[in-house]
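Asker: My questions all concern the structure below.
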Amino acid sequence: MDLQFEQLRTFVAVVDDGSFEAAARRLHVTPSAVSQRMKALESTVGRVLVERGRPVRPTASGQVVLRLARQVALLATDALDELGQDSADPAEFSRIPIVANSDSLNTWVLPALADAVRQRICVDVYREDQDHSAELLRRGTAMAAITSESRPVQGCSVRPLGRMSYRPMASPEYVRTWLPEGPTLDALARAPMVVFDRRDDLQERYLRRRSRREWNPPRSYLPSSGDFPEAIRLGLGWGMLPPQQVDRCPAGSVVPIDPAAVVEVPLYWQQWRLDSRPLGILADSVAAAAAAALDR
């Protein structure tokens, strides 16, 4: 197959920006040119590569070609850098799509991303729970991920980052109202709790450690890591918080409901196995930030 660089580059832009029109704006061409390149690429591969909806999504075959397209683009940028040549756009940075969980983004990852930008690397961050982020690596959506999965995705390398430690926290008034005798099993079965989203099982992990009984307490869902500690402080329920978020709350406004309890989540950096300078810089920046913030 004779895969053209511009066709692959256009494919990445279509998937990342979600439409042919948005890809055309990024590439400074017409939507018609984007459409022609995509048709030519699909003709060469002999497969439909995208589902033409809003947003555009890669098909199963498209995910395979997308991984190749991202690798080609990154390696081409590396080669130009080594040759001391500018890219077509002198202001263009290397662009690396990554996956990160909300708590990492809200607590320790941003300094690493800022360091990468200073070295001419931009990131396209996808938010996903750490237990599910590796799937975006498999689909070719991302080139690297912060994940709880220690087993490498095919074609990827793994680097341990450390552990995020979560403790069950609540406001003092909440504890007096709902847990006056402490976190007994009967009290926890009735006490409202706050959950990030329907994939968040941190609270369930704590409850399962307390008892194998079936748990179904009242729960509120709040898919905002920045607002999650505030929801606990205001008494929406108890929830699991890492120390970085507890430290941001006013002193004494949240307290542990079970001081000895902790749920540890090991985190790993998985990335495509490529000899790429930008990807290596980003990996080192993330590892350094993790070493400063996470438990070992």
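To be explicit about the labels: the chains of the structure tokens are called A, B, and onward in the order shown, and within each one the residues are counted from 1, while ligands get numbers from 1 in the order they are shown.
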Listing only residues of range 102-201 of chain A within 9 Å of range 229-250 of chain A, what is the closest atom pair and its distance in Å (to one decimal) for each, using only C-alpha atoms, sorted by chain and residue number ascending, as a tab-separated table?
Answerer:
residue	atom	partner	partner_atom	distance
A:Asp103	CA	A:Pro242	CA	8.3
A:Asn106	CA	A:Gln245	CA	8.3
A:Thr107	CA	A:Gln244	CA	6.2
A:Trp108	CA	A:Gln244	CA	8.3
A:Met164	CA	A:Pro242	CA	6.6
A:Ser165	CA	A:Pro242	CA	5.5
A:Tyr166	CA	A:Pro242	CA	4.4
A:Arg167	CA	A:Met240	CA	5.1
A:Pro168	CA	A:Met240	CA	4.4
A:Met169	CA	A:Gly239	CA	5.5
A:Ala170	CA	A:Trp238	CA	4.6
A:Ser171	CA	A:Arg233	CA	5.1
A:Pro172	CA	A:Arg233	CA	8.6
A:Glu173	CA	A:Gly235	CA	7.4
A:Tyr174	CA	A:Gly235	CA	5.6
A:Val175	CA	A:Trp238	CA	8.7
A:Ala191	CA	A:Gly237	CA	7.3
A:Pro192	CA	A:Gly237	CA	4.8
A:Met193	CA	A:Gly237	CA	4.0
A:Val194	CA	A:Gly237	CA	5.1
A:Val195	CA	A:Gly239	CA	6.8
A:Phe196	CA	A:Gly239	CA	9.0
Asker: What would the file look like if the residues just selected were written as an mmCIF file, in the first residue's frame with N, CA, C and O atoms?
Answerer:
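Output contents, as saved in again-v2.cif:
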data_model
loop_
_atom_site.group_PDB
_atom_site.id
_atom_site.type_symbol
_atom_site.label_atom_id
_atom_site.label_comp_id
_atom_site.auth_asym_id
_atom_site.auth_seq_id
_atom_site.Cartn_x
_atom_site.Cartn_y
_atom_site.Cartn_z
ATOM 1 N N ASP A 103 -8.432 13.009 38.932
ATOM 2 C CA ASP A 103 -7.731 13.347 40.172
ATOM 3 C C ASP A 103 -6.266 13.695 39.904
ATOM 4 O O ASP A 103 -5.714 14.603 40.537
ATOM 5 N N ASN A 106 -6.169 17.136 38.475
ATOM 6 C CA ASN A 106 -6.520 18.152 39.458
ATOM 7 C C ASN A 106 -5.462 18.343 40.532
ATOM 8 O O ASN A 106 -5.487 19.344 41.250
ATOM 9 N N THR A 107 -4.505 17.407 40.619
ATOM 10 C CA THR A 107 -3.574 17.472 41.743
ATOM 11 C C THR A 107 -2.099 17.587 41.357
ATOM 12 O O THR A 107 -1.378 18.410 41.920
ATOM 13 N N TRP A 108 -1.596 16.776 40.407
ATOM 14 C CA TRP A 108 -0.142 16.750 40.236
ATOM 15 C C TRP A 108 0.373 16.767 38.802
ATOM 16 O O TRP A 108 1.557 17.021 38.572
ATOM 17 N N MET A 164 -1.587 6.800 44.423
ATOM 18 C CA MET A 164 -2.461 7.809 45.015
ATOM 19 C C MET A 164 -3.200 7.137 46.168
ATOM 20 O O MET A 164 -3.793 6.063 45.993
ATOM 21 N N SER A 165 -3.156 7.744 47.329
ATOM 22 C CA SER A 165 -3.774 7.182 48.530
ATOM 23 C C SER A 165 -5.041 7.959 48.863
ATOM 24 O O SER A 165 -4.999 9.179 49.042
ATOM 25 N N TYR A 166 -6.136 7.259 48.945
ATOM 26 C CA TYR A 166 -7.437 7.881 49.205
ATOM 27 C C TYR A 166 -7.944 7.464 50.585
ATOM 28 O O TYR A 166 -7.795 6.302 50.991
ATOM 29 N N ARG A 167 -8.574 8.428 51.280
ATOM 30 C CA ARG A 167 -9.169 8.154 52.584
ATOM 31 C C ARG A 167 -10.618 8.620 52.590
ATOM 32 O O ARG A 167 -10.959 9.620 51.948
ATOM 33 N N PRO A 168 -11.485 7.902 53.319
ATOM 34 C CA PRO A 168 -12.896 8.318 53.389
ATOM 35 C C PRO A 168 -13.038 9.560 54.260
ATOM 36 O O PRO A 168 -12.694 9.543 55.442
ATOM 37 N N MET A 169 -13.553 10.634 53.666
ATOM 38 C CA MET A 169 -13.626 11.922 54.344
ATOM 39 C C MET A 169 -15.057 12.453 54.347
ATOM 40 O O MET A 169 -15.873 12.112 53.480
ATOM 41 N N ALA A 170 -15.337 13.308 55.324
ATOM 42 C CA ALA A 170 -16.649 13.962 55.411
ATOM 43 C C ALA A 170 -16.492 15.239 56.237
ATOM 44 O O ALA A 170 -15.451 15.468 56.866
ATOM 45 N N SER A 171 -17.520 16.054 56.233
ATOM 46 C CA SER A 171 -17.487 17.260 57.069
ATOM 47 C C SER A 171 -17.798 16.876 58.516
ATOM 48 O O SER A 171 -18.489 15.870 58.773
ATOM 49 N N PRO A 172 -17.327 17.645 59.502
ATOM 50 C CA PRO A 172 -17.635 17.337 60.902
ATOM 51 C C PRO A 172 -19.146 17.299 61.170
ATOM 52 O O PRO A 172 -19.623 16.436 61.911
ATOM 53 N N GLU A 173 -19.897 18.213 60.570
ATOM 54 C CA GLU A 173 -21.348 18.214 60.766
ATOM 55 C C GLU A 173 -21.975 16.955 60.184
ATOM 56 O O GLU A 173 -22.887 16.363 60.787
ATOM 57 N N TYR A 174 -21.478 16.522 59.026
ATOM 58 C CA TYR A 174 -21.985 15.289 58.428
ATOM 59 C C TYR A 174 -21.747 14.104 59.371
ATOM 60 O O TYR A 174 -22.630 13.266 59.568
ATOM 61 N N VAL A 175 -20.547 14.038 59.940
ATOM 62 C CA VAL A 175 -20.222 12.930 60.847
ATOM 63 C C VAL A 175 -21.163 12.936 62.041
ATOM 64 O O VAL A 175 -21.679 11.882 62.450
ATOM 65 N N ALA A 191 -25.867 6.089 55.253
ATOM 66 C CA ALA A 191 -25.251 7.412 55.108
ATOM 67 C C ALA A 191 -25.034 7.753 53.631
ATOM 68 O O ALA A 191 -24.471 6.952 52.880
ATOM 69 N N PRO A 192 -25.456 8.934 53.196
ATOM 70 C CA PRO A 192 -25.242 9.323 51.800
ATOM 71 C C PRO A 192 -23.752 9.434 51.469
ATOM 72 O O PRO A 192 -22.949 9.834 52.313
ATOM 73 N N MET A 193 -23.418 9.063 50.235
ATOM 74 C CA MET A 193 -22.030 9.215 49.795
ATOM 75 C C MET A 193 -22.000 9.925 48.445
ATOM 76 O O MET A 193 -22.989 9.979 47.720
ATOM 77 N N VAL A 194 -20.840 10.503 48.140
ATOM 78 C CA VAL A 194 -20.629 11.207 46.883
ATOM 79 C C VAL A 194 -19.725 10.348 46.001
ATOM 80 O O VAL A 194 -18.694 9.844 46.461
ATOM 81 N N VAL A 195 -20.116 10.190 44.733
ATOM 82 C CA VAL A 195 -19.376 9.377 43.777
ATOM 83 C C VAL A 195 -19.059 10.249 42.566
ATOM 84 O O VAL A 195 -19.902 11.057 42.146
ATOM 85 N N PHE A 196 -17.869 10.097 42.016
ATOM 86 C CA PHE A 196 -17.466 10.941 40.889
ATOM 87 C C PHE A 196 -18.348 10.674 39.670
ATOM 88 O O PHE A 196 -18.969 11.563 39.121
#
Asker: For range 13-112 of chain A against range 265-278 of chain A, with a cut-off of 8 Å and counting only C-alpha atoms, what is the closest atom pair and its distance in Å to one decimal for every residue that makes the cut, ordered by chain and number, as CSV?
Answerer:
residue,atom,partner,partner_atom,distance
A:Gln71,CA,A:Leu274,CA,7.7
A:Leu74,CA,A:Ser276,CA,7.1
A:Leu75,CA,A:Ser276,CA,6.4
A:Asp78,CA,A:Arg277,CA,6.5
A:Ser94,CA,A:Pro278,CA,6.9
Asker: As a VMD selection string, list the residues of range 139-294 of chain A assigned to alpha helix (DSSP H) by DSSP on the backbone atoms of this structure.
Answerer: chain A and resid 172 to 178 185 to 190 202 to 210 228 to 233 243 to 246 277 to 293
Asker: Let's have the selection written as a short mmCIF file (atom, residue, chain, number, x, y, z; two decimals), in the first residue's frame, with N, CA and C atoms.
Answerer:
data_model
loop_
_atom_site.label_atom_id
_atom_site.label_comp_id
_atom_site.auth_asym_id
_atom_site.auth_seq_id
_atom_site.Cartn_x
_atom_site.Cartn_y
_atom_site.Cartn_z
N PRO A 172 -17.33 17.65 59.50
CA PRO A 172 -17.64 17.34 60.90
C PRO A 172 -19.15 17.30 61.17
N GLU A 173 -19.90 18.21 60.57
CA GLU A 173 -21.35 18.21 60.77
C GLU A 173 -21.98 16.95 60.18
N TYR A 174 -21.48 16.52 59.03
CA TYR A 174 -21.98 15.29 58.43
C TYR A 174 -21.75 14.10 59.37
N VAL A 175 -20.55 14.04 59.94
CA VAL A 175 -20.22 12.93 60.85
C VAL A 175 -21.16 12.94 62.04
N ARG A 176 -21.43 14.11 62.60
CA ARG A 176 -22.34 14.19 63.76
C ARG A 176 -23.76 13.75 63.38
N THR A 177 -24.17 14.07 62.15
CA THR A 177 -25.54 13.75 61.73
C THR A 177 -25.71 12.29 61.34
N TRP A 178 -24.77 11.78 60.52
CA TRP A 178 -24.97 10.46 59.92
C TRP A 178 -24.15 9.35 60.57
N LEU A 185 -21.30 -0.54 60.36
CA LEU A 185 -21.83 -1.07 59.10
C LEU A 185 -23.25 -0.58 58.86
N ASP A 186 -24.06 -0.54 59.91
CA ASP A 186 -25.45 -0.08 59.74
C ASP A 186 -25.49 1.39 59.37
N ALA A 187 -24.61 2.20 59.97
CA ALA A 187 -24.59 3.63 59.64
C ALA A 187 -24.14 3.86 58.21
N LEU A 188 -23.10 3.15 57.77
CA LEU A 188 -22.61 3.31 56.40
C LEU A 188 -23.64 2.87 55.37
N ALA A 189 -24.49 1.92 55.74
CA ALA A 189 -25.52 1.46 54.81
C ALA A 189 -26.58 2.53 54.55
N ARG A 190 -26.71 3.49 55.49
CA ARG A 190 -27.74 4.54 55.35
C ARG A 190 -27.15 5.90 55.01
N LEU A 202 -14.13 3.83 43.99
CA LEU A 202 -13.29 3.98 45.18
C LEU A 202 -14.09 3.83 46.47
N GLN A 203 -15.27 4.45 46.50
CA GLN A 203 -16.11 4.33 47.69
C GLN A 203 -16.54 2.88 47.90
N GLU A 204 -16.87 2.21 46.79
CA GLU A 204 -17.27 0.79 46.88
C GLU A 204 -16.12 -0.07 47.38
N ARG A 205 -14.90 0.25 46.98
CA ARG A 205 -13.76 -0.53 47.45
C ARG A 205 -13.64 -0.43 48.97
N TYR A 206 -13.80 0.78 49.48
CA TYR A 206 -13.72 0.95 50.93
C TYR A 206 -14.83 0.14 51.63
N LEU A 207 -16.06 0.24 51.10
CA LEU A 207 -17.16 -0.48 51.73
C LEU A 207 -16.96 -1.99 51.67
N ARG A 208 -16.44 -2.48 50.54
CA ARG A 208 -16.23 -3.93 50.42
C ARG A 208 -15.16 -4.41 51.40
N ARG A 209 -14.21 -3.54 51.71
CA ARG A 209 -13.21 -3.93 52.70
C ARG A 209 -13.82 -4.02 54.10
N ARG A 210 -14.84 -3.22 54.35
CA ARG A 210 -15.50 -3.26 55.64
C ARG A 210 -16.37 -4.49 55.80
N PHE A 228 -15.37 18.11 43.76
CA PHE A 228 -15.65 16.95 44.60
C PHE A 228 -15.33 17.22 46.08
N PRO A 229 -14.15 17.76 46.41
CA PRO A 229 -13.88 18.05 47.83
C PRO A 229 -14.87 19.06 48.41
N GLU A 230 -15.28 20.04 47.61
CA GLU A 230 -16.23 21.04 48.09
C GLU A 230 -17.59 20.40 48.38
N ALA A 231 -17.99 19.44 47.55
CA ALA A 231 -19.25 18.74 47.80
C ALA A 231 -19.19 17.99 49.13
N ILE A 232 -18.06 17.38 49.41
CA ILE A 232 -17.90 16.67 50.69
C ILE A 232 -17.89 17.67 51.85
N ARG A 233 -17.20 18.79 51.66
CA ARG A 233 -17.15 19.81 52.72
C ARG A 233 -18.53 20.36 53.04
N PRO A 243 -4.70 13.09 49.72
CA PRO A 243 -4.23 14.16 50.61
C PRO A 243 -4.05 15.50 49.89
N GLN A 244 -3.70 15.45 48.58
CA GLN A 244 -3.51 16.71 47.85
C GLN A 244 -4.80 17.53 47.81
N GLN A 245 -5.95 16.87 47.74
CA GLN A 245 -7.22 17.59 47.73
C GLN A 245 -7.65 17.97 49.15
N VAL A 246 -7.37 17.12 50.11
CA VAL A 246 -7.70 17.45 51.50
C VAL A 246 -6.94 18.71 51.93
N ARG A 277 11.82 11.61 20.64
CA ARG A 277 12.30 12.60 21.61
C ARG A 277 11.14 13.29 22.34
N PRO A 278 10.11 13.83 21.65
CA PRO A 278 9.01 14.48 22.39
C PRO A 278 8.31 13.55 23.36
N LEU A 279 8.08 12.31 22.95
CA LEU A 279 7.41 11.36 23.84
C LEU A 279 8.28 11.05 25.05
N GLY A 280 9.59 10.96 24.84
CA GLY A 280 10.50 10.72 25.96
C GLY A 280 10.55 11.89 26.92
N ILE A 281 10.56 13.11 26.38
CA ILE A 281 10.55 14.31 27.23
C ILE A 281 9.29 14.35 28.08
N LEU A 282 8.15 14.09 27.45
CA LEU A 282 6.88 14.12 28.18
C LEU A 282 6.86 13.04 29.26
N ALA A 283 7.34 11.85 28.94
CA ALA A 283 7.37 10.76 29.93
C ALA A 283 8.24 11.13 31.13
N ASP A 284 9.40 11.72 30.87
CA ASP A 284 10.30 12.11 31.97
C ASP A 284 9.68 13.21 32.83
N SER A 285 8.98 14.15 32.19
CA SER A 285 8.33 15.23 32.95
C SER A 285 7.24 14.69 33.85
N VAL A 286 6.44 13.75 33.32
CA VAL A 286 5.37 13.15 34.12
C VAL A 286 5.96 12.34 35.26
N ALA A 287 6.99 11.57 35.00
CA ALA A 287 7.62 10.76 36.05
C ALA A 287 8.19 11.64 37.15
N ALA A 288 8.80 12.76 36.78
CA ALA A 288 9.36 13.66 37.80
C ALA A 288 8.27 14.28 38.66
N ALA A 289 7.16 14.67 38.03
CA ALA A 289 6.05 15.24 38.80
C ALA A 289 5.43 14.19 39.72
N ALA A 290 5.33 12.97 39.23
CA ALA A 290 4.77 11.89 40.06
C ALA A 290 5.67 11.59 41.25
N ALA A 291 6.98 11.60 41.03
CA ALA A 291 7.91 11.32 42.13
C ALA A 291 7.79 12.34 43.24
N ALA A 292 7.45 13.58 42.88
CA ALA A 292 7.32 14.64 43.87
C ALA A 292 5.98 14.61 44.59
N ALA A 293 4.96 13.97 43.99
CA ALA A 293 3.61 14.09 44.53
C ALA A 293 3.01 12.79 45.04
#
Asker: Which residues are close to Ala13 in chain A, i.e. within 12 Å by only C-alpha atoms, leaving aside same-chain residues fewer than 5 positions away? Reply as a PyMOL selection string.
Answerer: chain A and resi 6-8+18-29+31+34-35+37-38+56-58+66+69-70+73+95+97+124+141
Asker: Could you take the residues named above and write them with N, CA, C and O atoms, as a tab-separated table (two decimals), in the first residue's frame?
Answerer:
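The resulting again_18.tsv:
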chain	number	residue	atom	x	y	z
A	6	GLU	N	0.49	13.16	3.66
A	6	GLU	CA	-0.56	14.17	3.84
A	6	GLU	C	-1.91	13.54	4.13
A	6	GLU	O	-2.73	14.09	4.86
A	7	GLN	N	-2.16	12.36	3.56
A	7	GLN	CA	-3.41	11.67	3.85
A	7	GLN	C	-3.45	11.21	5.31
A	7	GLN	O	-4.47	11.35	5.99
A	8	LEU	N	-2.35	10.67	5.78
A	8	LEU	CA	-2.28	10.24	7.18
A	8	LEU	C	-2.41	11.43	8.12
A	8	LEU	O	-3.11	11.36	9.14
A	18	GLY	N	-12.66	16.24	15.15
A	18	GLY	CA	-14.04	15.78	15.18
A	18	GLY	C	-14.86	16.02	13.94
A	18	GLY	O	-16.01	15.56	13.87
A	19	SER	N	-14.33	16.71	12.93
A	19	SER	CA	-15.09	16.94	11.71
A	19	SER	C	-14.14	17.30	10.57
A	19	SER	O	-13.00	17.72	10.80
A	20	PHE	N	-14.63	17.13	9.35
A	20	PHE	CA	-13.84	17.49	8.18
A	20	PHE	C	-13.59	19.00	8.15
A	20	PHE	O	-12.51	19.45	7.75
A	21	GLU	N	-14.60	19.76	8.54
A	21	GLU	CA	-14.48	21.23	8.51
A	21	GLU	C	-13.41	21.71	9.49
A	21	GLU	O	-12.59	22.58	9.17
A	22	ALA	N	-13.43	21.17	10.71
A	22	ALA	CA	-12.44	21.58	11.71
A	22	ALA	C	-11.04	21.16	11.29
A	22	ALA	O	-10.07	21.89	11.48
A	23	ALA	N	-10.92	19.97	10.70
A	23	ALA	CA	-9.62	19.52	10.21
A	23	ALA	C	-9.11	20.45	9.10
A	23	ALA	O	-7.91	20.75	9.03
A	24	ALA	N	-10.02	20.89	8.25
A	24	ALA	CA	-9.62	21.80	7.17
A	24	ALA	C	-9.07	23.11	7.73
A	24	ALA	O	-8.08	23.65	7.23
A	25	ARG	N	-9.69	23.61	8.78
A	25	ARG	CA	-9.20	24.85	9.39
A	25	ARG	C	-7.81	24.65	9.98
A	25	ARG	O	-6.95	25.52	9.86
A	26	ARG	N	-7.60	23.52	10.62
A	26	ARG	CA	-6.29	23.27	11.22
A	26	ARG	C	-5.21	23.14	10.13
A	26	ARG	O	-4.09	23.62	10.29
A	27	LEU	N	-5.54	22.48	9.03
A	27	LEU	CA	-4.56	22.21	7.98
A	27	LEU	C	-4.46	23.32	6.94
A	27	LEU	O	-3.64	23.25	6.02
A	28	HIS	N	-5.34	24.33	7.07
A	28	HIS	CA	-5.35	25.46	6.14
A	28	HIS	C	-5.63	25.01	4.70
A	28	HIS	O	-4.97	25.44	3.74
A	29	VAL	N	-6.60	24.10	4.57
A	29	VAL	CA	-7.06	23.66	3.26
A	29	VAL	C	-8.58	23.71	3.26
A	29	VAL	O	-9.21	24.03	4.28
A	31	PRO	N	-12.49	22.09	3.05
A	31	PRO	CA	-13.14	20.82	3.44
A	31	PRO	C	-13.17	19.82	2.29
A	31	PRO	O	-13.08	18.61	2.51
A	34	VAL	N	-9.91	17.97	2.29
A	34	VAL	CA	-9.91	16.97	3.37
A	34	VAL	C	-10.70	15.73	2.94
A	34	VAL	O	-10.26	14.59	3.11
A	35	SER	N	-11.88	15.96	2.36
A	35	SER	CA	-12.72	14.85	1.92
A	35	SER	C	-12.01	14.02	0.86
A	35	SER	O	-12.04	12.77	0.89
A	37	ARG	N	-8.77	13.69	0.38
A	37	ARG	CA	-7.66	12.94	0.98
A	37	ARG	C	-8.18	11.72	1.74
A	37	ARG	O	-7.57	10.64	1.69
A	38	MET	N	-9.28	11.89	2.47
A	38	MET	CA	-9.83	10.76	3.21
A	38	MET	C	-10.34	9.67	2.27
A	38	MET	O	-10.15	8.47	2.52
A	56	VAL	N	-16.73	12.87	14.26
A	56	VAL	CA	-16.22	11.77	13.46
A	56	VAL	C	-15.47	10.81	14.39
A	56	VAL	O	-14.73	11.24	15.27
A	57	ARG	N	-15.68	9.52	14.19
A	57	ARG	CA	-15.00	8.51	15.01
A	57	ARG	C	-14.33	7.47	14.11
A	57	ARG	O	-14.90	7.10	13.08
A	58	PRO	N	-13.16	7.00	14.51
A	58	PRO	CA	-12.52	5.96	13.70
A	58	PRO	C	-13.24	4.62	13.83
A	58	PRO	O	-13.72	4.27	14.92
A	66	LEU	N	-4.96	4.77	12.42
A	66	LEU	CA	-4.72	5.94	13.25
A	66	LEU	C	-3.44	5.80	14.06
A	66	LEU	O	-2.66	6.74	14.20
A	69	ALA	N	-0.68	6.44	11.70
A	69	ALA	CA	-0.61	7.86	11.32
A	69	ALA	C	0.04	8.70	12.41
A	69	ALA	O	0.85	9.59	12.13
A	70	ARG	N	-0.32	8.44	13.66
A	70	ARG	CA	0.29	9.20	14.76
A	70	ARG	C	1.79	8.90	14.86
A	70	ARG	O	2.60	9.79	15.12
A	73	ALA	N	3.66	10.73	12.05
A	73	ALA	CA	3.73	12.17	12.27
A	73	ALA	C	4.79	12.51	13.32
A	73	ALA	O	5.57	13.45	13.16
A	95	ARG	N	2.62	17.47	18.91
A	95	ARG	CA	1.33	17.34	19.58
A	95	ARG	C	1.10	15.89	19.95
A	95	ARG	O	1.10	15.02	19.08
A	97	PRO	N	-1.33	13.20	22.01
A	97	PRO	CA	-2.57	12.93	22.75
A	97	PRO	C	-2.31	11.96	23.90
A	97	PRO	O	-1.67	10.93	23.72
A	124	ASP	N	-2.83	16.85	23.98
A	124	ASP	CA	-4.27	16.78	23.77
A	124	ASP	C	-4.78	15.79	24.81
A	124	ASP	O	-4.60	14.58	24.66
A	141	THR	N	-6.38	6.29	19.98
A	141	THR	CA	-6.79	7.66	20.28
A	141	THR	C	-5.67	8.42	20.98
A	141	THR	O	-5.47	9.61	20.73
Asker: Hey, what does DSSP flag as strand (DSSP E or B) within range 146-258 of chain A? Can you give it to me as a list in words?
Answerer: Ile146, Thr147, Cys156, Ser157, Val158, Arg159, Pro160, Leu161, Gly162, Arg163, Met164, Ser165, Tyr166, Arg167, Pro168, Met169, Ala170, Met193, Val194, Val195, Arg219, Ser220, Tyr221, Trp238, Gly239, Met240, Leu241, Val255 and Pro256 of chain A
Asker: Output C-alpha atoms of each residue in that selection to a file, as a PDB file, in the first residue's frame.
Answerer:
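Resulting contents of result.pdb:
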ATOM      1  CA  ILE A 146      -1.763   7.464  33.128  1.00  0.00           C
ATOM      2  CA  THR A 147      -3.401   4.204  34.057  1.00  0.00           C
ATOM      3  CA  CYS A 156       3.455  -0.111  24.648  1.00  0.00           C
ATOM      4  CA  SER A 157       6.006   0.195  27.441  1.00  0.00           C
ATOM      5  CA  VAL A 158       5.111   0.637  31.125  1.00  0.00           C
ATOM      6  CA  ARG A 159       6.688   2.820  33.792  1.00  0.00           C
ATOM      7  CA  PRO A 160       5.509   2.839  37.446  1.00  0.00           C
ATOM      8  CA  LEU A 161       4.662   6.307  38.747  1.00  0.00           C
ATOM      9  CA  GLY A 162       3.613   5.758  42.355  1.00  0.00           C
ATOM     10  CA  ARG A 163       0.399   5.432  44.340  1.00  0.00           C
ATOM     11  CA  MET A 164      -2.461   7.809  45.015  1.00  0.00           C
ATOM     12  CA  SER A 165      -3.774   7.182  48.530  1.00  0.00           C
ATOM     13  CA  TYR A 166      -7.437   7.881  49.205  1.00  0.00           C
ATOM     14  CA  ARG A 167      -9.169   8.154  52.584  1.00  0.00           C
ATOM     15  CA  PRO A 168     -12.896   8.318  53.389  1.00  0.00           C
ATOM     16  CA  MET A 169     -13.626  11.922  54.344  1.00  0.00           C
ATOM     17  CA  ALA A 170     -16.649  13.962  55.411  1.00  0.00           C
ATOM     18  CA  MET A 193     -22.030   9.215  49.795  1.00  0.00           C
ATOM     19  CA  VAL A 194     -20.629  11.207  46.883  1.00  0.00           C
ATOM     20  CA  VAL A 195     -19.376   9.377  43.777  1.00  0.00           C
ATOM     21  CA  ARG A 219     -25.448   8.456  46.511  1.00  0.00           C
ATOM     22  CA  SER A 220     -24.933  11.644  44.543  1.00  0.00           C
ATOM     23  CA  TYR A 221     -22.853  11.738  41.347  1.00  0.00           C
ATOM     24  CA  TRP A 238     -18.778  11.168  52.438  1.00  0.00           C
ATOM     25  CA  GLY A 239     -16.245  10.356  49.736  1.00  0.00           C
ATOM     26  CA  MET A 240     -12.692   9.245  49.065  1.00  0.00           C
ATOM     27  CA  LEU A 241     -10.115  12.026  48.785  1.00  0.00           C
ATOM     28  CA  VAL A 255     -12.197  14.905  58.574  1.00  0.00           C
ATOM     29  CA  PRO A 256     -11.576  11.181  58.114  1.00  0.00           C
TER      30      PRO A 256
END
Asker: Env of range 44-48 of chain A: 10 Å cut, atoms = only C-alpha atoms, seq-sep filter 5 positions within chain, self excluded. Answer as a PDB file with C-alpha atoms, in the first residue's frame.
Answerer:
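Resulting contents of result_14.pdb:
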ATOM      1  CA  MET A   1       0.000   0.000   0.000  1.00  0.00           C
ATOM      2  CA  ASP A   2       1.236   3.460  -0.905  1.00  0.00           C
ATOM      3  CA  LEU A   3       0.169   5.522   2.112  1.00  0.00           C
ATOM      4  CA  GLN A   4       0.680   9.238   1.579  1.00  0.00           C
ATOM      5  CA  MET A  38      -9.833  10.759   3.210  1.00  0.00           C
ATOM      6  CA  LYS A  39     -11.463   9.070   0.218  1.00  0.00           C
ATOM      7  CA  PRO A  58     -12.518   5.956  13.696  1.00  0.00           C
ATOM      8  CA  THR A  59     -13.853   2.519  12.784  1.00  0.00           C
ATOM      9  CA  ALA A  60     -12.084  -0.624  14.007  1.00  0.00           C
ATOM     10  CA  SER A  61      -9.949  -0.536  10.841  1.00  0.00           C
ATOM     11  CA  GLY A  62      -9.474   3.193  11.318  1.00  0.00           C
ATOM     12  CA  VAL A  65      -4.406   3.173  10.646  1.00  0.00           C
TER      13      VAL A  65
END
Asker: When distances are computed from only C-alpha atoms, which of A:Thr77, A:Ser32, A:Ser150, A:Asn101 shows the smallest separation from Gln130 in chain A?
Answerer: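 Of the candidates, the smallest distance to Gln130 in chain A is held by A:Asn101.
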Asker: Check the smallest atom-to-atom distance from each of A:Ile257, A:Leu137, A:Val263, A:Ala100 to Pro152 in chain A using only C-alpha atoms, then report the winner.
Answerer: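 Residue with the minimum atom-to-atom distance to Pro152 in chain A: A:Leu137.
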Asker: Closest to Leu136 in chain A among A:Leu41, A:Ala79, A:Val72, A:Ile98, using only C-alpha atoms?
Answerer: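 Closest to Leu136 in chain A, using only C-alpha atoms: A:Ile98.
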Asker: Name all residues at most 10 Å from Asp197 in chain A (count only C-alpha atoms; drop same-chain ones fewer than 4 positions away) and give them as a list in words.
Answerer: Asp129, Asp201, Ser220, Tyr221, Leu222, Pro223 and Ser224 of chain A
Asker: Limited to N, CA and C atoms, could you put the picked residues into a file as a compact mmCIF listing (two decimals), in the first residue's frame?
Answerer:
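part13.txt written:
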# COMPACT_ATOMS: atom_id res chain seq x y z
N ASP A 129 -11.19 7.56 33.55
CA ASP A 129 -10.85 6.89 34.80
C ASP A 129 -9.59 6.04 34.61
N ASP A 201 -15.26 3.56 41.52
CA ASP A 201 -15.58 2.52 42.50
C ASP A 201 -14.75 2.65 43.77
N SER A 220 -24.87 10.55 45.51
CA SER A 220 -24.93 11.64 44.54
C SER A 220 -23.73 11.52 43.62
N TYR A 221 -23.93 11.80 42.33
CA TYR A 221 -22.85 11.74 41.35
C TYR A 221 -22.40 13.15 41.01
N LEU A 222 -21.09 13.37 41.06
CA LEU A 222 -20.55 14.71 40.79
C LEU A 222 -19.27 14.56 39.96
N PRO A 223 -19.39 14.56 38.63
CA PRO A 223 -18.22 14.30 37.77
C PRO A 223 -17.33 15.53 37.58
N SER A 224 -16.86 16.10 38.68
CA SER A 224 -15.95 17.25 38.63
C SER A 224 -14.95 17.10 39.77
